[in-house]
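Text of start.cif (mmCIF, C-alpha atoms and all ligand atoms) as supplied:
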```cif
data_my_file
loop_
_atom_site.label_atom_id
_atom_site.label_comp_id
_atom_site.auth_asym_id
_atom_site.auth_seq_id
_atom_site.Cartn_x
_atom_site.Cartn_y
_atom_site.Cartn_z
CA MET A 1479 13.17 -25.11 -12.47
CA LYS A 1480 13.83 -28.40 -10.74
CA LEU A 1481 11.66 -29.34 -7.80
CA SER A 1482 14.71 -30.70 -5.95
CA GLN A 1483 15.99 -27.10 -5.88
CA PHE A 1484 12.69 -25.41 -5.01
CA TYR A 1485 11.32 -25.56 -1.49
CA THR A 1486 7.78 -26.79 -1.31
CA LYS A 1487 6.01 -29.49 0.71
CA THR A 1488 2.47 -30.76 0.35
CA ARG A 1489 0.59 -32.42 3.19
CA ARG A 1490 -0.99 -35.83 3.00
CA SER A 1491 -3.36 -35.42 5.89
CA MET A 1492 -4.53 -32.26 7.50
CA ALA A 1493 -6.98 -31.26 10.19
CA ALA A 1494 -10.10 -29.40 9.04
CA GLN A 1495 -9.50 -25.67 8.55
CA ASP A 1496 -11.72 -22.63 8.92
CA SER A 1497 -12.34 -22.45 5.15
CA ILE A 1498 -11.87 -24.20 1.82
CA ASN A 1499 -9.14 -21.77 0.75
CA ALA A 1500 -7.12 -22.23 3.94
CA TYR A 1501 -7.49 -26.02 3.74
CA LEU A 1502 -6.43 -26.31 0.11
CA LEU A 1503 -3.69 -23.70 0.16
CA GLU A 1504 -2.18 -25.16 3.32
CA LYS A 1505 -2.46 -28.76 2.06
CA ALA A 1506 -0.87 -27.79 -1.26
CA GLY A 1507 2.01 -26.11 0.61
CA PHE A 1508 1.24 -22.52 -0.37
CA ILE A 1509 0.71 -21.14 3.13
CA SER A 1510 1.39 -21.96 6.74
CA GLN A 1511 -0.85 -20.69 9.51
CA VAL A 1512 0.84 -18.73 12.28
CA ALA A 1513 -2.33 -17.77 14.17
CA ALA A 1514 -5.98 -17.14 13.27
CA GLY A 1515 -5.91 -14.69 10.36
CA VAL A 1516 -2.09 -14.67 10.22
CA TYR A 1517 -0.28 -16.68 7.57
CA ALA A 1518 3.23 -17.21 6.23
CA TYR A 1519 3.36 -17.28 2.45
CA LEU A 1520 5.54 -20.11 1.19
CA PRO A 1521 7.30 -20.15 -2.23
CA MET A 1522 4.26 -21.35 -4.24
CA ALA A 1523 2.04 -18.61 -2.78
CA VAL A 1524 4.72 -15.98 -3.31
CA ARG A 1525 4.86 -16.85 -7.01
CA SER A 1526 1.07 -16.67 -7.33
CA MET A 1527 0.83 -13.40 -5.40
CA GLN A 1528 3.59 -11.87 -7.52
CA LYS A 1529 1.53 -12.71 -10.59
CA ILE A 1530 -1.61 -11.23 -9.08
CA GLU A 1531 0.36 -8.11 -8.11
CA GLN A 1532 1.89 -7.79 -11.56
CA ILE A 1533 -1.53 -7.76 -13.23
CA VAL A 1534 -2.77 -5.19 -10.70
CA ARG A 1535 0.44 -3.15 -11.15
CA GLU A 1536 0.06 -3.03 -14.94
CA GLU A 1537 -3.51 -1.80 -14.61
CA MET A 1538 -2.63 0.81 -11.97
CA ASN A 1539 0.24 2.10 -14.14
CA GLU A 1540 -2.15 2.27 -17.10
CA LEU A 1541 -4.45 4.35 -14.90
CA GLY A 1542 -1.61 6.82 -14.37
CA GLY A 1543 -0.48 5.67 -10.93
CA SER A 1544 3.10 5.87 -9.63
CA GLU A 1545 4.17 3.05 -7.34
CA VAL A 1546 5.46 3.86 -3.86
CA VAL A 1547 6.19 1.90 -0.69
CA PHE A 1548 5.12 3.65 2.49
CA SER A 1549 6.01 2.53 6.00
CA ALA A 1550 3.78 0.10 7.83
CA LEU A 1551 4.37 2.04 11.04
CA GLN A 1552 2.46 5.29 11.46
CA PRO A 1553 2.51 7.83 14.28
CA LYS A 1554 -0.67 7.73 16.33
CA LYS A 1555 -0.74 11.54 16.34
CA THR A 1556 -1.46 11.66 12.61
CA TRP A 1557 -4.58 9.60 13.24
CA GLU A 1558 -5.53 12.06 15.97
CA GLN A 1559 -5.03 14.90 13.51
CA SER A 1560 -7.30 13.35 10.88
CA GLY A 1561 -9.94 12.74 13.54
CA ARG A 1562 -9.96 9.01 12.91
CA TRP A 1563 -8.59 8.20 16.34
CA GLU A 1564 -11.87 9.46 17.78
CA ASP A 1565 -13.86 7.15 15.49
CA LYS A 1566 -14.35 4.02 17.53
CA ASN A 1567 -15.04 1.89 14.45
CA PHE A 1568 -11.61 2.74 13.25
CA ARG A 1569 -9.82 2.65 16.54
CA GLN A 1570 -11.05 -0.85 17.26
CA ILE A 1571 -9.25 -2.29 14.23
CA VAL A 1572 -5.90 -0.59 14.82
CA TYR A 1573 -2.91 -2.20 16.50
CA LEU A 1574 -1.03 0.30 18.63
CA ASP A 1575 2.44 0.09 20.17
CA THR A 1576 1.79 2.13 23.30
CA ASP A 1577 5.52 2.42 24.16
CA VAL A 1578 6.20 4.60 21.14
CA ASP A 1579 2.67 5.67 20.15
CA MET A 1580 2.95 4.15 16.71
CA THR A 1581 0.18 2.24 14.94
CA PHE A 1582 0.60 -0.61 12.49
CA GLY A 1583 -0.90 0.68 9.25
CA ALA A 1584 -4.48 -0.48 8.71
CA THR A 1585 -4.78 1.91 5.76
CA HIS A 1586 -2.69 4.85 4.55
CA GLU A 1587 -4.74 8.02 3.99
CA GLU A 1588 -2.83 10.00 6.64
CA PRO A 1589 0.79 9.37 5.55
CA MET A 1590 -0.12 9.71 1.86
CA THR A 1591 -1.79 13.10 2.44
CA ILE A 1592 1.17 14.32 4.49
CA ALA A 1593 3.69 13.19 1.86
CA VAL A 1594 1.81 14.78 -1.04
CA LYS A 1595 1.70 18.13 0.78
CA GLN A 1596 5.36 18.63 -0.06
CA GLY A 1597 4.78 18.16 -3.79
CA VAL A 1598 1.61 20.13 -4.37
CA GLN A 1599 1.63 23.93 -4.54
CA SER A 1600 -0.47 24.87 -7.54
CA TYR A 1601 -3.20 23.35 -9.72
CA ARG A 1602 -0.42 22.42 -12.15
CA ASP A 1603 0.85 19.85 -9.64
CA LEU A 1604 -2.45 17.95 -9.69
CA PRO A 1605 -3.63 15.26 -10.09
CA VAL A 1606 -1.32 13.00 -8.09
CA ILE A 1607 -1.96 9.25 -8.20
CA LEU A 1608 0.08 7.04 -5.84
CA TYR A 1609 -0.28 3.37 -5.10
CA GLN A 1610 1.53 0.63 -3.22
CA PHE A 1611 1.47 -3.04 -2.36
CA GLN A 1612 1.63 -3.40 1.37
CA THR A 1613 1.03 -5.55 4.37
CA LYS A 1614 -1.84 -4.14 6.40
CA PHE A 1615 -2.69 -4.92 10.01
CA ARG A 1616 -6.20 -4.92 11.42
CA LYS A 1617 -7.75 -6.31 14.57
CA GLU A 1618 -10.39 -8.37 12.77
CA LEU A 1619 -12.79 -9.93 15.24
CA ARG A 1620 -13.87 -12.63 12.80
CA ALA A 1621 -10.63 -13.85 11.25
CA LYS A 1622 -12.15 -17.19 10.35
CA SER A 1623 -11.96 -17.47 6.58
CA GLY A 1624 -8.33 -18.19 5.77
CA LEU A 1625 -6.86 -15.61 3.42
CA LEU A 1626 -10.26 -13.97 2.98
CA ARG A 1627 -10.01 -12.16 6.30
CA GLY A 1628 -6.56 -11.72 7.74
CA ARG A 1629 -5.39 -9.78 10.75
CA GLU A 1630 -2.26 -9.25 8.69
CA PHE A 1631 -2.90 -9.18 4.94
CA ARG A 1632 -1.62 -7.86 1.65
CA MET A 1633 -3.36 -4.95 -0.03
CA LYS A 1634 -2.91 -2.73 -3.04
CA ASP A 1635 -3.98 0.73 -2.02
CA LEU A 1636 -4.12 3.73 -4.30
CA TYR A 1637 -4.79 7.35 -3.36
CA SER A 1638 -5.78 10.05 -5.82
CA PHE A 1639 -5.49 13.81 -5.31
CA HIS A 1640 -7.44 16.22 -7.49
CA SER A 1641 -8.11 19.93 -7.85
CA ASP A 1642 -11.90 19.59 -7.75
CA GLU A 1643 -14.80 17.24 -7.40
CA LYS A 1644 -15.29 16.92 -11.15
CA SER A 1645 -11.80 15.66 -11.88
CA HIS A 1646 -12.04 13.34 -8.86
CA GLN A 1647 -15.32 11.91 -10.21
CA GLN A 1648 -13.83 11.38 -13.63
CA PHE A 1649 -10.85 9.53 -12.20
CA TYR A 1650 -13.11 7.50 -9.89
CA GLU A 1651 -14.96 6.16 -12.94
CA GLU A 1652 -11.69 5.38 -14.73
CA ALA A 1653 -10.50 3.54 -11.64
CA ALA A 1654 -13.74 1.52 -11.55
CA GLU A 1655 -13.17 0.49 -15.17
CA ALA A 1656 -9.54 -0.43 -14.42
CA TYR A 1657 -10.76 -2.57 -11.50
CA LEU A 1658 -13.17 -4.50 -13.73
CA THR A 1659 -10.37 -5.10 -16.26
CA THR A 1660 -8.01 -6.22 -13.49
CA PHE A 1661 -10.43 -8.79 -12.08
CA GLU A 1662 -11.27 -10.06 -15.55
CA ARG A 1663 -7.57 -10.56 -16.29
CA LEU A 1664 -7.32 -12.55 -13.06
CA GLY A 1665 -10.07 -14.87 -14.27
CA LEU A 1666 -12.78 -13.41 -12.02
CA GLU A 1667 -16.15 -11.92 -12.88
CA ALA A 1668 -16.62 -8.97 -10.54
CA TYR A 1669 -19.88 -7.14 -9.88
CA ARG A 1670 -19.79 -3.42 -9.13
CA VAL A 1671 -22.09 -2.80 -6.18
CA LYS A 1672 -22.98 0.29 -4.16
CA ALA A 1673 -22.21 0.09 -0.49
CA SER A 1674 -22.10 2.34 2.53
CA GLY A 1675 -19.10 4.58 2.89
CA GLY A 1676 -18.39 2.44 5.92
CA ILE A 1677 -15.88 3.59 8.40
CA PHE A 1678 -14.38 6.01 5.89
CA GLY A 1679 -17.39 8.28 6.33
CA ALA A 1680 -18.16 8.91 2.66
CA GLU A 1681 -21.67 8.79 1.26
CA HIS A 1682 -21.44 5.68 -0.91
CA SER A 1683 -18.54 3.55 -1.90
CA ASP A 1684 -18.36 1.06 -4.75
CA GLU A 1685 -17.40 -2.50 -3.98
CA PHE A 1686 -16.20 -5.10 -6.42
CA GLN A 1687 -17.74 -8.41 -5.47
CA VAL A 1688 -17.11 -11.90 -6.78
CA LEU A 1689 -20.02 -14.30 -6.39
CA CYS A 1690 -19.17 -17.14 -4.02
CA GLU A 1691 -21.41 -19.18 -1.73
CA THR A 1692 -18.88 -19.10 1.08
CA GLY A 1693 -18.46 -15.31 0.82
CA GLU A 1694 -19.18 -13.13 3.86
CA ASP A 1695 -21.08 -10.43 2.03
CA GLU A 1696 -24.67 -10.53 0.86
CA ILE A 1697 -25.47 -8.48 -2.21
CA LEU A 1698 -28.51 -7.74 -4.39
CA VAL A 1699 -27.57 -7.91 -8.03
CA ASP A 1700 -28.68 -7.68 -11.62
CA HIS A 1701 -26.80 -10.42 -13.49
CA GLN A 1702 -27.24 -8.69 -16.84
CA THR A 1703 -25.45 -5.48 -15.95
CA LYS A 1704 -23.27 -7.04 -13.22
CA THR A 1705 -24.21 -4.26 -10.85
CA GLY A 1706 -26.13 -4.08 -7.60
CA PHE A 1707 -26.10 -3.14 -3.93
CA ASN A 1708 -24.65 -4.47 -0.73
CA THR A 1709 -27.53 -5.49 1.55
CA GLU A 1710 -26.01 -3.19 4.19
CA ILE A 1711 -27.77 -0.32 2.32
CA GLU A 1712 -30.92 -2.32 1.50
CA ASN A 1713 -33.11 -0.08 3.64
CA GLN A 1714 -32.19 2.87 1.40
CA LEU A 1715 -33.57 1.13 -1.71
CA LYS A 1716 -37.11 1.07 -3.05
CA VAL A 1717 -38.90 -2.21 -2.35
CA VAL A 1718 -39.85 -2.64 -6.03
CA ASP A 1719 -36.22 -2.33 -7.10
CA VAL A 1720 -35.09 -4.85 -4.54
CA LYS A 1721 -37.66 -7.41 -5.76
CA LYS A 1722 -36.10 -7.46 -9.22
CA LEU A 1723 -32.67 -8.24 -7.87
CA ASP A 1724 -31.06 -11.56 -7.01
CA ARG A 1725 -29.82 -12.02 -3.43
CA VAL A 1726 -26.44 -13.76 -3.49
CA LYS A 1727 -23.34 -14.34 -1.38
CA ALA A 1728 -20.09 -12.76 -2.50
CA ILE A 1729 -16.52 -11.84 -1.61
CA GLU A 1730 -15.43 -8.20 -1.73
CA VAL A 1731 -12.16 -8.14 -3.66
CA GLY A 1732 -11.91 -4.37 -4.05
CA ASN A 1733 -13.45 -1.16 -2.81
CA ILE A 1734 -13.26 2.47 -3.96
CA PHE A 1735 -14.10 5.54 -1.90
CA HIS A 1736 -14.80 9.24 -2.28
CA LEU A 1737 -12.90 11.02 0.48
CA GLY A 1738 -13.88 14.56 -0.45
CA THR A 1739 -11.70 17.19 1.22
CA LYS A 1740 -11.71 15.53 4.65
CA TYR A 1741 -7.98 14.69 4.74
CA ALA A 1742 -6.90 17.80 2.85
CA GLU A 1743 -8.58 19.92 5.51
CA ALA A 1744 -7.20 17.90 8.42
CA PHE A 1745 -3.64 18.20 7.10
CA ASP A 1746 -3.98 21.55 5.34
CA LEU A 1747 -3.28 20.11 1.90
CA LYS A 1748 -4.13 23.12 -0.27
CA TYR A 1749 -3.14 24.37 -3.71
CA LEU A 1750 -3.37 27.66 -5.54
CA ASP A 1751 -5.94 27.62 -8.35
CA ALA A 1752 -5.56 29.53 -11.65
CA SER A 1753 -6.85 32.72 -10.02
CA GLY A 1754 -4.42 32.40 -7.10
CA THR A 1755 -7.00 31.27 -4.53
CA ARG A 1756 -6.10 28.55 -1.99
CA GLN A 1757 -8.30 25.48 -2.40
CA SER A 1758 -8.54 22.12 -0.66
CA VAL A 1759 -7.49 19.01 -2.57
CA TRP A 1760 -10.15 16.37 -3.36
CA MET A 1761 -9.20 12.79 -2.64
CA GLY A 1762 -10.23 9.22 -3.33
CA SER A 1763 -8.90 5.89 -2.08
CA TYR A 1764 -8.98 2.60 -3.92
CA GLY A 1765 -8.15 -0.81 -2.41
CA ILE A 1766 -7.67 -4.31 -3.74
CA GLY A 1767 -7.19 -7.29 -1.43
CA ILE A 1768 -4.18 -9.11 -2.90
CA SER A 1769 -4.04 -11.98 -0.40
CA ARG A 1770 -7.85 -12.08 -0.33
CA LEU A 1771 -7.71 -12.52 -4.13
CA LEU A 1772 -5.49 -15.57 -3.77
CA GLY A 1773 -7.96 -16.92 -1.20
CA THR A 1774 -10.90 -16.14 -3.51
CA LEU A 1775 -9.26 -17.89 -6.45
CA ALA A 1776 -8.58 -20.96 -4.29
CA GLU A 1777 -12.15 -20.87 -2.99
CA LEU A 1778 -13.57 -20.83 -6.53
CA PHE A 1779 -11.12 -22.87 -8.59
CA ASN A 1780 -10.76 -26.35 -7.11
CA ASP A 1781 -12.09 -29.89 -7.16
CA GLU A 1782 -11.81 -32.96 -4.91
CA ASN A 1783 -8.16 -33.42 -5.97
CA GLY A 1784 -6.98 -29.91 -5.21
CA LEU A 1785 -6.41 -26.46 -6.66
CA LYS A 1786 -7.17 -25.43 -10.23
CA LEU A 1787 -5.86 -21.86 -10.22
CA PRO A 1788 -6.17 -20.06 -13.56
CA ARG A 1789 -3.06 -20.21 -15.69
CA GLN A 1790 -2.19 -16.53 -15.22
CA VAL A 1791 -1.89 -16.89 -11.44
CA ALA A 1792 -0.74 -20.51 -11.04
CA PRO A 1793 2.79 -20.64 -9.57
CA PHE A 1794 4.12 -22.65 -12.53
CA ALA A 1795 2.48 -23.32 -15.89
CA VAL A 1796 3.77 -26.84 -16.42
CA VAL A 1797 4.96 -29.79 -14.32
CA ILE A 1798 6.93 -32.68 -15.82
CA ILE A 1799 6.90 -36.14 -14.29
CA ASP A 1800 9.29 -38.66 -15.84
CA LEU A 1801 8.49 -42.22 -14.83
CA THR A 1802 11.54 -43.65 -16.67
CA ASN A 1803 15.21 -42.83 -16.09
CA GLY A 1804 14.63 -39.06 -16.11
CA LYS A 1805 16.56 -38.23 -19.25
CA THR A 1806 13.58 -37.28 -21.41
CA GLY A 1807 12.00 -35.29 -18.60
CA ARG A 1808 15.15 -33.22 -18.25
CA LYS A 1809 15.33 -32.67 -21.98
CA VAL A 1810 11.69 -31.52 -22.24
CA HIS A 1811 12.24 -29.31 -19.18
CA ASP A 1812 15.22 -27.59 -20.79
CA LEU A 1813 13.36 -27.05 -24.05
CA LEU A 1814 10.32 -25.54 -22.33
CA GLU A 1815 12.45 -23.36 -20.08
CA LYS A 1816 14.37 -22.08 -23.10
CA ALA A 1817 11.04 -21.18 -24.72
CA GLY A 1818 10.29 -18.98 -21.68
CA ILE A 1819 7.70 -21.32 -20.16
CA GLU A 1820 7.50 -21.58 -16.37
CA VAL A 1821 8.11 -25.27 -15.95
CA LEU A 1822 8.88 -27.38 -12.91
CA LEU A 1823 10.53 -30.79 -13.27
CA ASP A 1824 9.45 -33.12 -10.47
CA ASP A 1825 12.85 -34.78 -10.00
CA ARG A 1826 12.23 -35.76 -6.38
CA ASP A 1827 13.00 -39.26 -5.23
CA GLU A 1828 9.34 -40.02 -4.62
CA PRO A 1829 6.98 -42.74 -5.90
CA PRO A 1830 5.02 -41.91 -9.09
CA GLY A 1831 1.73 -41.90 -7.14
CA THR A 1832 2.97 -39.12 -4.85
CA LYS A 1833 4.08 -37.00 -7.79
CA LEU A 1834 0.76 -37.42 -9.60
CA VAL A 1835 -1.28 -36.62 -6.47
CA ASP A 1836 0.86 -33.54 -5.77
CA ALA A 1837 0.51 -32.32 -9.36
CA ASP A 1838 -3.29 -32.35 -9.01
CA LEU A 1839 -3.20 -30.84 -5.51
CA ILE A 1840 -0.98 -27.91 -6.52
CA GLY A 1841 -2.91 -27.71 -9.76
CA TYR A 1842 -0.29 -26.94 -12.41
CA PRO A 1843 -2.37 -26.00 -15.49
CA ILE A 1844 -0.45 -28.52 -17.63
CA ARG A 1845 0.98 -31.86 -16.51
CA LEU A 1846 3.36 -33.79 -18.77
CA VAL A 1847 3.99 -37.45 -17.92
CA HIS A 1848 6.71 -39.42 -19.65
CA SER A 1849 6.42 -43.19 -19.27
CA ALA A 1850 7.89 -46.29 -20.91
CA LYS A 1851 4.53 -46.83 -22.63
CA THR A 1852 4.27 -43.43 -24.31
CA ALA A 1853 8.02 -43.42 -25.04
CA GLN A 1854 7.58 -46.37 -27.42
CA ASP A 1855 5.68 -44.12 -29.82
CA GLY A 1856 7.89 -41.08 -29.18
CA LYS A 1857 5.08 -39.36 -27.32
CA ILE A 1858 4.41 -37.71 -23.95
CA GLU A 1859 1.09 -37.55 -22.11
CA LEU A 1860 -0.34 -34.06 -21.59
CA LYS A 1861 -3.14 -33.38 -19.12
CA GLU A 1862 -4.92 -30.07 -18.73
CA ARG A 1863 -5.81 -29.53 -15.08
CA ALA A 1864 -8.83 -27.27 -15.69
CA SER A 1865 -10.73 -29.65 -17.97
CA GLY A 1866 -9.00 -32.95 -17.20
CA LYS A 1867 -8.46 -33.39 -20.92
CA MET A 1868 -5.62 -35.80 -21.83
CA THR A 1869 -3.72 -35.92 -25.12
CA LEU A 1870 -0.65 -37.72 -26.40
CA VAL A 1871 1.77 -35.27 -27.96
CA ASN A 1872 4.77 -36.03 -30.16
CA LEU A 1873 7.92 -35.28 -28.20
CA GLU A 1874 9.24 -33.01 -30.93
CA ASP A 1875 5.99 -30.98 -30.87
CA VAL A 1876 5.76 -30.51 -27.14
CA VAL A 1877 7.05 -26.90 -26.97
CA LYS A 1878 4.77 -25.81 -29.79
CA HIS A 1879 1.78 -27.58 -28.26
CA VAL A 1880 2.31 -26.25 -24.74
CA SER A 1881 2.99 -22.71 -25.98
CA ARG A 1882 -0.22 -22.76 -27.94
CA LEU A 1883 -2.27 -24.03 -25.01
CA LEU A 1884 -0.81 -21.42 -22.68
CA SER A 1885 -1.32 -18.49 -25.00
CA LEU A 1886 -4.90 -19.55 -25.58
CA LYS A 1887 -5.46 -19.71 -21.83
CA ALA A 1888 -3.74 -16.42 -21.11
CA LYS A 1889 -6.26 -14.61 -23.28
CA VAL A 1890 -9.09 -13.87 -20.88
P1 LIG B 1901 -14.39 -5.74 4.60
O1 LIG B 1901 -15.74 -5.11 4.48
O2 LIG B 1901 -14.32 -7.07 3.91
O3 LIG B 1901 -13.86 -5.74 5.98
P2 LIG B 1901 -13.14 -3.25 4.10
O4 LIG B 1901 -14.25 -2.43 3.62
O5 LIG B 1901 -12.69 -3.13 5.50
O6 LIG B 1901 -13.43 -4.81 3.75
P3 LIG B 1901 -11.05 -1.78 2.71
O7 LIG B 1901 -10.61 -1.11 3.92
O8 LIG B 1901 -11.73 -1.01 1.67
O9 LIG B 1901 -11.92 -3.08 3.10
O10 LIG B 1901 -9.83 -2.56 2.06
C1 LIG B 1901 -9.64 -2.71 0.66
C2 LIG B 1901 -9.66 -4.18 0.26
O11 LIG B 1901 -8.76 -4.93 1.07
C3 LIG B 1901 -10.99 -4.85 0.47
O12 LIG B 1901 -11.84 -4.65 -0.64
C4 LIG B 1901 -10.59 -6.30 0.61
O13 LIG B 1901 -10.46 -6.91 -0.67
C5 LIG B 1901 -9.26 -6.22 1.28
N1 LIG B 1901 -9.38 -6.50 2.74
C6 LIG B 1901 -9.96 -5.71 3.69
N2 LIG B 1901 -9.86 -6.26 4.89
C7 LIG B 1901 -9.21 -7.44 4.72
C8 LIG B 1901 -8.80 -8.47 5.60
N3 LIG B 1901 -9.04 -8.40 6.91
N4 LIG B 1901 -8.15 -9.54 5.07
C9 LIG B 1901 -7.88 -9.62 3.74
N5 LIG B 1901 -8.25 -8.67 2.87
C10 LIG B 1901 -8.90 -7.59 3.34
MG MG B 1902 -13.08 -4.28 7.14
#
```

Would you encode the structure as structure tokens?
Amino acid sequence: MKLSQFYTKTRRSMAAQDSINAYLLEKAGFISQVAAGVYAYLPMAVRSMQKIEQIVREEMNELGGSEVVFSALQPKKTWEQSGRWEDKNFRQIVYLDTDVDMTFGATHEEPMTIAVKQGVQSYRDLPVILYQFQTKFRKELRAKSGLLRGREFRMKDLYSFHSDEKSHQQFYEEAAEAYLTTFERLGLEAYRVKASGGIFGAEHSDEFQVLCETGEDEILVDHQTKTGFNTEIENQLKVVDVKKLDRVKAIEVGNIFHLGTKYAEAFDLKYLDASGTRQSVWMGSYGIGISRLLGTLAELFNDENGLKLPRQVAPFAVVIIDLTNGKTGRKVHDLLEKAGIEVLLDDRDEPPGTKLVDADLIGYPIRLVHSAKTAQDGKIELKERASGKMTLVNLEDVVKHVSRLLSLKAKV
């Protein structure tokens, strides 16, 4: 792709933002703030989020999920029926259009349960595993951390429906494994920690936390097993156990819940078991913060020059800057593109300094610079953003070299 045909604008100077991720992502032209906790995603962010979503999608499909897209609007009466409207913790985060009594979806247990009712008659129809990528709306009182806490944000939410507690438990563990694989593929080391059921009313939920000093959560962890507890349930732990654990700050990137038969009972979601008896369906819900993940990656992977997003989520793998007449740059671009590499040719009419600064700010994993000096020896300069390592590569070997670097990096 040519940068002259792709809309993106970096910023030279910018006022301080509420967080590192908001500052860097806005400066690098990924996002544009609309209001506190409300952002527009610009083309660079869309490409990164699509990559994050694709990794999550592959793992959810592997888990047996079927992808759906539910409506963001939900009738208030369904929330009354589930009893959640009475729960003030819940009600305080929900946006409501009082003219039509519709809420803007903060989460989707109600519509999912209602929809599944039509497809489940007997035990043979279970389990059902549905998931979606969706924009969620929540009245967050502290929307002060860029993409980490939005009032409008992107989430992957999955809902599972089972015939009994045992099959729910089994799936819950499989989902936890799939979450760990997902975060690892994204370049993140996630800890599985026990937390309160929170506003969902279950006994304990499991959170997936990524260690980060600027994170909102405080967790007690064992670094060996990568497990621990959210300090919100600290008072339920034995003092001796707590002493052995490390107290660290973290970002919750995912959360899984046992819902029991709460929704099945509220919406009369029943099935006939093998003996012909009507039973309530057991449910679980499983969330991943897609936009929060982009914020987390920006918060963790950066330096004084800008973003250093991992290769598998960076918007493009390679940028080419040609400081001569542009012919070689175009040629290398075409060769890389033909080899299936996501390459961007910086063909803007801008000074070399601007192009080099932008390349670091956006953080393309590989930067290729063609100059009169390297051209003399038939070479091109290759810089790896993550390590800063520079090499001179023969022009005829560039596709081979870049492909090798990218496949090495993709293996996480
Ligand atoms: P938190 O404790 O951070 O408010 P939550 O328990 O309300 O999170 P869930 O309702 O389980 O979160 O949502 C699933 C996932 O969606 C979370 O693990 C998180 O990654 C993401 N998420 C939740 N709220 C927000 C938000 N306001 N902005 C961005 N992502 C969010
Ligand atoms: Mg919350």

| task | Just give me the residues with any atom within 9 Å of (-9.2, -9.5, -2.1), file coordinates, counting all atoms listed in the file, written as a VMD selection string. | result | chain A and resid 1625 to 1627 1632 to 1633 1729 to 1732 1765 to 1774

| task | For Val1534 of chain A, work out the shell of residues within 10 Å, counting all atoms listed in the file and skipping chain neighbours fewer than 2 positions away, then give it as a list in words. | result | Gln1528, Lys1529, Ile1530, Glu1531, Gln1532, Glu1536, Glu1537, Met1538, Asn1539, Glu1540, Phe1611, Lys1634, Ala1656, Tyr1657, Thr1659, Thr1660, Phe1661, Arg1663, Leu1664, Ile1766 and Ile1768 of chain A

| message | Rounded to one decimal, what separation in Å do you get between atom CA of Leu1658 of chain A and atom CA of Arg1670 of chain A? | response | 8.1 Å

| When the cut-off is 10 Å and you count all atoms listed in the file, which residues lie near ligand MG 1902 (chain B), shown as a PyMOL selection string? | chain A and resi 1567-1568+1571+1584+1616-1619+1627-1628+1676-1677+1730

| field | For Phe1735 of chain A: contacts at 12 Å, all atoms listed in the file, fewer than 6 positions along chain excluded, given as an MDAnalysis selection string | value | chainID A and resid 1587 1635:1638 1646:1647 1649:1651 1653:1654 1672:1686 1760:1766

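Closest approach to ligand LIG 1901 (chain B) from the set A:Leu1750, A:Val1578, A:Ala1518, A:Ala1621 is made by A:Ala1621, with distances taken over only C-alpha atoms and all ligand atoms.
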
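As for atom CA of Met1522 of chain A and atom CA of Pro1793 of chain A, they are spaced 5.6 Å apart.
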
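Across A:Leu1884, A:Ala1668, A:Leu1839, A:Val1847, the tightest approach to Val1871 of chain A is made by A:Val1847 when counting all atoms listed in the file.
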
| said: Please compute the atom CA of Ser1641 of chain A-atom CA of Gly1542 of chain A distance, one decimal, in Å. | reply: 16.0 Å

Could the residues of segment 1735-1814 of chain A that have an atom at most 9 Å from segment 1494-1502 of chain A be listed as a tab-separated table, each with its closest atom pair and the distance in Å to one decimal, counting only C-alpha atoms and ordered by chain and ascending residue number?
```
residue	atom	partner	partner_atom	distance
A:Leu1772	CA	A:Asn1499	CA	8.5
A:Gly1773	CA	A:Asn1499	CA	5.4
A:Thr1774	CA	A:Asn1499	CA	7.3
A:Leu1775	CA	A:Asn1499	CA	8.2
A:Ala1776	CA	A:Asn1499	CA	5.1
A:Glu1777	CA	A:Asn1499	CA	4.9
A:Leu1778	CA	A:Asn1499	CA	8.6
A:Asn1780	CA	A:Leu1502	CA	8.4
A:Gly1784	CA	A:Leu1502	CA	6.4
A:Leu1785	CA	A:Leu1502	CA	6.8
```

| Contact residues around Ile1592 of chain A with all atoms listed in the file at 12 Å, ignoring same-chain residues under 6 positions, as a list of chain:residue names | A:Phe1548, A:Gln1552, A:Pro1553, A:Thr1556, A:Trp1557, A:Gln1559, A:Ser1560, A:His1586, A:Val1598, A:Phe1639, A:Tyr1741, A:Ala1742, A:Glu1743, A:Ala1744, A:Phe1745, A:Asp1746, A:Leu1747, A:Lys1748

| field | Contacts of Val1880 of chain A within 12 Å, all atoms listed in the file, excl. fewer than 5 positions in-chain, as a VMD selection string | value | chain A and resid 1795 to 1798 1810 to 1811 1813 to 1815 1817 to 1821 1843 to 1846 1858 to 1862 1869 to 1875 1885 to 1887

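The list of residues with at least one atom within 12 Å of Lys1487 of chain A, based on all atoms listed in the file and without residues fewer than 6 positions apart in the same chain, reads Leu1481, Leu1503, Glu1504, Lys1505, Ala1506, Gly1507, Phe1508, Ile1509, Ser1510, Leu1520, Pro1521, Met1522, Arg1826, Thr1832, Lys1833, Asp1836, Ala1837, Leu1839 and Ile1840 of chain A.
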
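Distance check against ligand LIG 1901 (chain B) using only C-alpha atoms and all ligand atoms: of A:Asn1708, A:Gln1596, A:Gln1702, A:Ser1482, the minimum falls on A:Asn1708.
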
| field | Residue nearest ligand LIG 1901 (chain B) - candidates A:Lys1786, A:Lys1851, A:Lys1595, A:Arg1629, atoms counted: all atoms listed in the file | value | A:Arg1629

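With all atoms listed in the file as the basis for measurement, A:Gly1515 is the residue among A:Gly1706, A:Gly1856, A:Gly1561, A:Gly1515 that approaches ligand LIG 1901 (chain B) most closely.
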